[in-house]
Amino acid sequence: MNGDVRIRALVVDDHPVVRAGLVALLDAAPDIHVVGTASSGEVAVDLAAQLQPDVVLMDLRMSGIDGDEATAQIVAARPETRVIILTTYENDDAILRAITAGASGYLLKAAPEEELLAGIRAVAAGEVALAPSVSRLLVQRAAAPPAPPPRS
């Protein structure tokens, strides 16, 4: 990536300390610039339209519009904005809902800093970023035999 080109990021989390930590981490990276923060899905949707970030780091569980719905609205309004779900939840249903909503990544808050930064860079470049444990869950689900049809 050219040194003059920076990934424009929007950070969405309902916990102020988490938001502040993410902003500090991202702004310390030479190729990422935080253009805004939001504490709710509603504000995230509005800011994504106004600020036109390249990547949105989206918390999954928030009051009001949750991360899945905010992701769907952001991607529908501006498909070139990529959304990474950043959460503590790693169950198949949450992952599939996020991907169905249009998320390009699903990373865990417990991830090492370099994994998070690499995920942002990958998604900004048009790739998909999944936490290793999330990838395993999706592969296991895809490889599982289909459930037998219910008996009448």
# chains A, B, ... in the order shown; residues from 1 in each chain; ligands from 1
$ residues_around --residues "range 32-43 of chain A" --least-positions-apart "4" --cutoff "7 Å" --atoms "only C-alpha atoms" --output "VMD selection string"
chain A and resid 6 to 14 23 26 to 27 47 51 62 64 to 67 70
$ residues_around --residues "Pro79 in chain A" --least-positions-apart "6" --cutoff "10 Å" --atoms "only C-alpha atoms" --output "JSON list (two decimals) with C-alpha atoms, in the first residue's frame"
[["chain", "number", "residue", "atom", "x", "y", "z"],
["A", 72, "ALA", "CA", -27.01, -4.75, 6.36],
["A", 73, "GLN", "CA", -28.05, -1.10, 6.17],
["A", 102, "GLY", "CA", -22.99, -8.50, 4.34]]
$ closest_residue --among "A:Leu117, A:Leu57, A:Ala20, A:Val83" --to "Thr100 in chain A" --atoms "only C-alpha atoms"
A:Val83
$ atom_distance --atom1 "CA of Asp31 in chain A" --atom2 "CA of Ala124 in chain A"
11.0 Å
$ select_by_dssp --residues "range 28-133 of chain A" --states "alpha helix (DSSP H)" --output "PyMOL selection string"
chain A and resi 28+41-51+67-77+92-101+113-124+132-133
$ closest_residue --among "A:Asp93, A:Asp54, A:Asp59, A:Asp46" --to "Pro16 in chain A" --atoms "only C-alpha atoms"
A:Asp59
$ atom_distance --atom1 "CA of Met58 in chain A" --atom2 "CA of Ala125 in chain A"
17.8 Å
$ atom_distance --atom1 "CA of Ala129 in chain A" --atom2 "CA of Ala101 in chain A"
15.2 Å
$ select_by_dssp --residues "chain A" --states "strand (DSSP E)" --output "list of chain:residue names"
A:Ile7, A:Arg8, A:Ala9, A:Leu10, A:Val11, A:Val12, A:Ile32, A:His33, A:Val34, A:Val35, A:Gly36, A:Thr37, A:Ala38, A:Val55, A:Val56, A:Leu57, A:Met58, A:Arg82, A:Val83, A:Ile84, A:Ile85, A:Leu86, A:Thr87, A:Gly105, A:Tyr106, A:Leu107, A:Leu108, A:Ala129, A:Leu130
$ write_last_selection --atoms "C-alpha atoms" --output "PDB file, in the first residue's frame"
ATOM      1  CA  ILE A   7      -7.558   2.997   5.198  1.00  0.00           C
ATOM      2  CA  ARG A   8     -10.420   5.102   6.532  1.00  0.00           C
ATOM      3  CA  ALA A   9     -12.005   3.299   9.482  1.00  0.00           C
ATOM      4  CA  LEU A  10     -15.179   3.805  11.504  1.00  0.00           C
ATOM      5  CA  VAL A  11     -15.182   2.179  14.959  1.00  0.00           C
ATOM      6  CA  VAL A  12     -18.552   1.071  16.385  1.00  0.00           C
ATOM      7  CA  ILE A  32      -5.097   3.293   9.037  1.00  0.00           C
ATOM      8  CA  HIS A  33      -6.953   6.454  10.028  1.00  0.00           C
ATOM      9  CA  VAL A  34     -10.037   6.485  12.253  1.00  0.00           C
ATOM     10  CA  VAL A  35     -12.528   8.893  10.696  1.00  0.00           C
ATOM     11  CA  GLY A  36     -15.217   8.449  13.344  1.00  0.00           C
ATOM     12  CA  THR A  37     -16.671   6.461  16.199  1.00  0.00           C
ATOM     13  CA  ALA A  38     -20.188   5.409  17.108  1.00  0.00           C
ATOM     14  CA  VAL A  55     -13.886  -0.270   6.687  1.00  0.00           C
ATOM     15  CA  VAL A  56     -16.291  -0.330   9.626  1.00  0.00           C
ATOM     16  CA  LEU A  57     -15.327  -2.276  12.756  1.00  0.00           C
ATOM     17  CA  MET A  58     -18.761  -3.253  14.081  1.00  0.00           C
ATOM     18  CA  ARG A  82     -16.627  -3.165   4.018  1.00  0.00           C
ATOM     19  CA  VAL A  83     -17.753  -4.239   7.490  1.00  0.00           C
ATOM     20  CA  ILE A  84     -15.831  -6.387   9.940  1.00  0.00           C
ATOM     21  CA  ILE A  85     -17.756  -7.733  12.892  1.00  0.00           C
ATOM     22  CA  LEU A  86     -15.570  -7.444  15.999  1.00  0.00           C
ATOM     23  CA  THR A  87     -17.144  -9.325  18.873  1.00  0.00           C
ATOM     24  CA  GLY A 105     -14.978 -10.216   8.196  1.00  0.00           C
ATOM     25  CA  TYR A 106     -15.650 -11.735  11.591  1.00  0.00           C
ATOM     26  CA  LEU A 107     -12.924 -11.230  14.168  1.00  0.00           C
ATOM     27  CA  LEU A 108     -12.825 -11.696  17.917  1.00  0.00           C
ATOM     28  CA  ALA A 129     -11.034 -11.896   7.233  1.00  0.00           C
ATOM     29  CA  LEU A 130     -12.157 -14.613   9.613  1.00  0.00           C
TER      30      LEU A 130
END
$ closest_residue --among "A:Arg121, A:Ser63, A:Lys109, A:Val75" --to "Pro30 in chain A" --atoms "only C-alpha atoms"
A:Arg121
$ residues_around --residues "Ile74 in chain A" --least-positions-apart "4" --cutoff "8 Å" --atoms "only C-alpha atoms" --output "CSV table (one decimal) with all heavy atoms, in the first residue's frame"
chain,number,residue,atom,x,y,z
A,45,VAL,N,-24.8,3.8,11.1
A,45,VAL,CA,-25.4,3.9,9.8
A,45,VAL,C,-25.3,5.3,9.3
A,45,VAL,O,-24.9,5.6,8.1
A,45,VAL,CB,-26.9,3.4,9.8
A,45,VAL,CG1,-27.6,3.7,8.5
A,45,VAL,CG2,-26.9,1.9,10.1
A,48,ALA,N,-21.6,6.2,8.6
A,48,ALA,CA,-21.1,5.6,7.5
A,48,ALA,C,-21.5,6.3,6.2
A,48,ALA,O,-20.7,6.4,5.2
A,48,ALA,CB,-21.5,4.1,7.4
A,49,ALA,N,-22.7,6.8,6.2
A,49,ALA,CA,-23.2,7.5,5.0
A,49,ALA,C,-22.5,8.9,4.9
A,49,ALA,O,-22.1,9.3,3.8
A,49,ALA,CB,-24.7,7.8,5.1
A,70,ALA,N,-27.2,-3.1,11.4
A,70,ALA,CA,-26.5,-1.9,11.0
A,70,ALA,C,-25.6,-2.3,9.8
A,70,ALA,O,-25.4,-1.5,8.8
A,70,ALA,CB,-25.6,-1.4,12.2
A,78,ARG,N,-24.1,1.6,0.8
A,78,ARG,CA,-22.8,1.9,0.2
A,78,ARG,C,-22.0,0.6,0.2
A,78,ARG,O,-21.2,0.3,1.0
A,78,ARG,CB,-22.1,2.9,1.1
A,78,ARG,CG,-20.9,3.5,0.5
A,78,ARG,CD,-20.4,4.7,1.3
A,78,ARG,NE,-19.4,5.4,0.5
A,78,ARG,CZ,-18.1,5.0,0.5
A,78,ARG,NH1,-17.7,4.0,1.2
A,78,ARG,NH2,-17.2,5.7,-0.2
A,79,PRO,N,-22.2,-0.2,-0.9
A,79,PRO,CA,-21.5,-1.5,-1.0
A,79,PRO,C,-20.0,-1.5,-1.0
A,79,PRO,O,-19.4,-2.5,-0.6
A,79,PRO,CB,-22.0,-2.1,-2.4
A,79,PRO,CG,-23.2,-1.3,-2.7
A,79,PRO,CD,-23.1,0.1,-2.0
A,81,THR,N,-18.2,0.1,1.1
A,81,THR,CA,-17.8,0.1,2.5
A,81,THR,C,-17.8,-1.3,3.0
A,81,THR,O,-18.9,-2.0,2.9
A,81,THR,CB,-18.7,1.0,3.4
A,81,THR,OG1,-18.6,2.3,3.0
A,81,THR,CG2,-18.3,0.9,4.9
$ closest_residue --among "A:Ala110, A:Asp68, A:Pro149, A:Val18" --to "Leu96 in chain A" --atoms "only C-alpha atoms"
A:Asp68
$ closest_residue --among "A:Ala76, A:Ile99, A:Ala94, A:Leu22" --to "Ile120 in chain A" --atoms "only C-alpha atoms"
A:Leu22
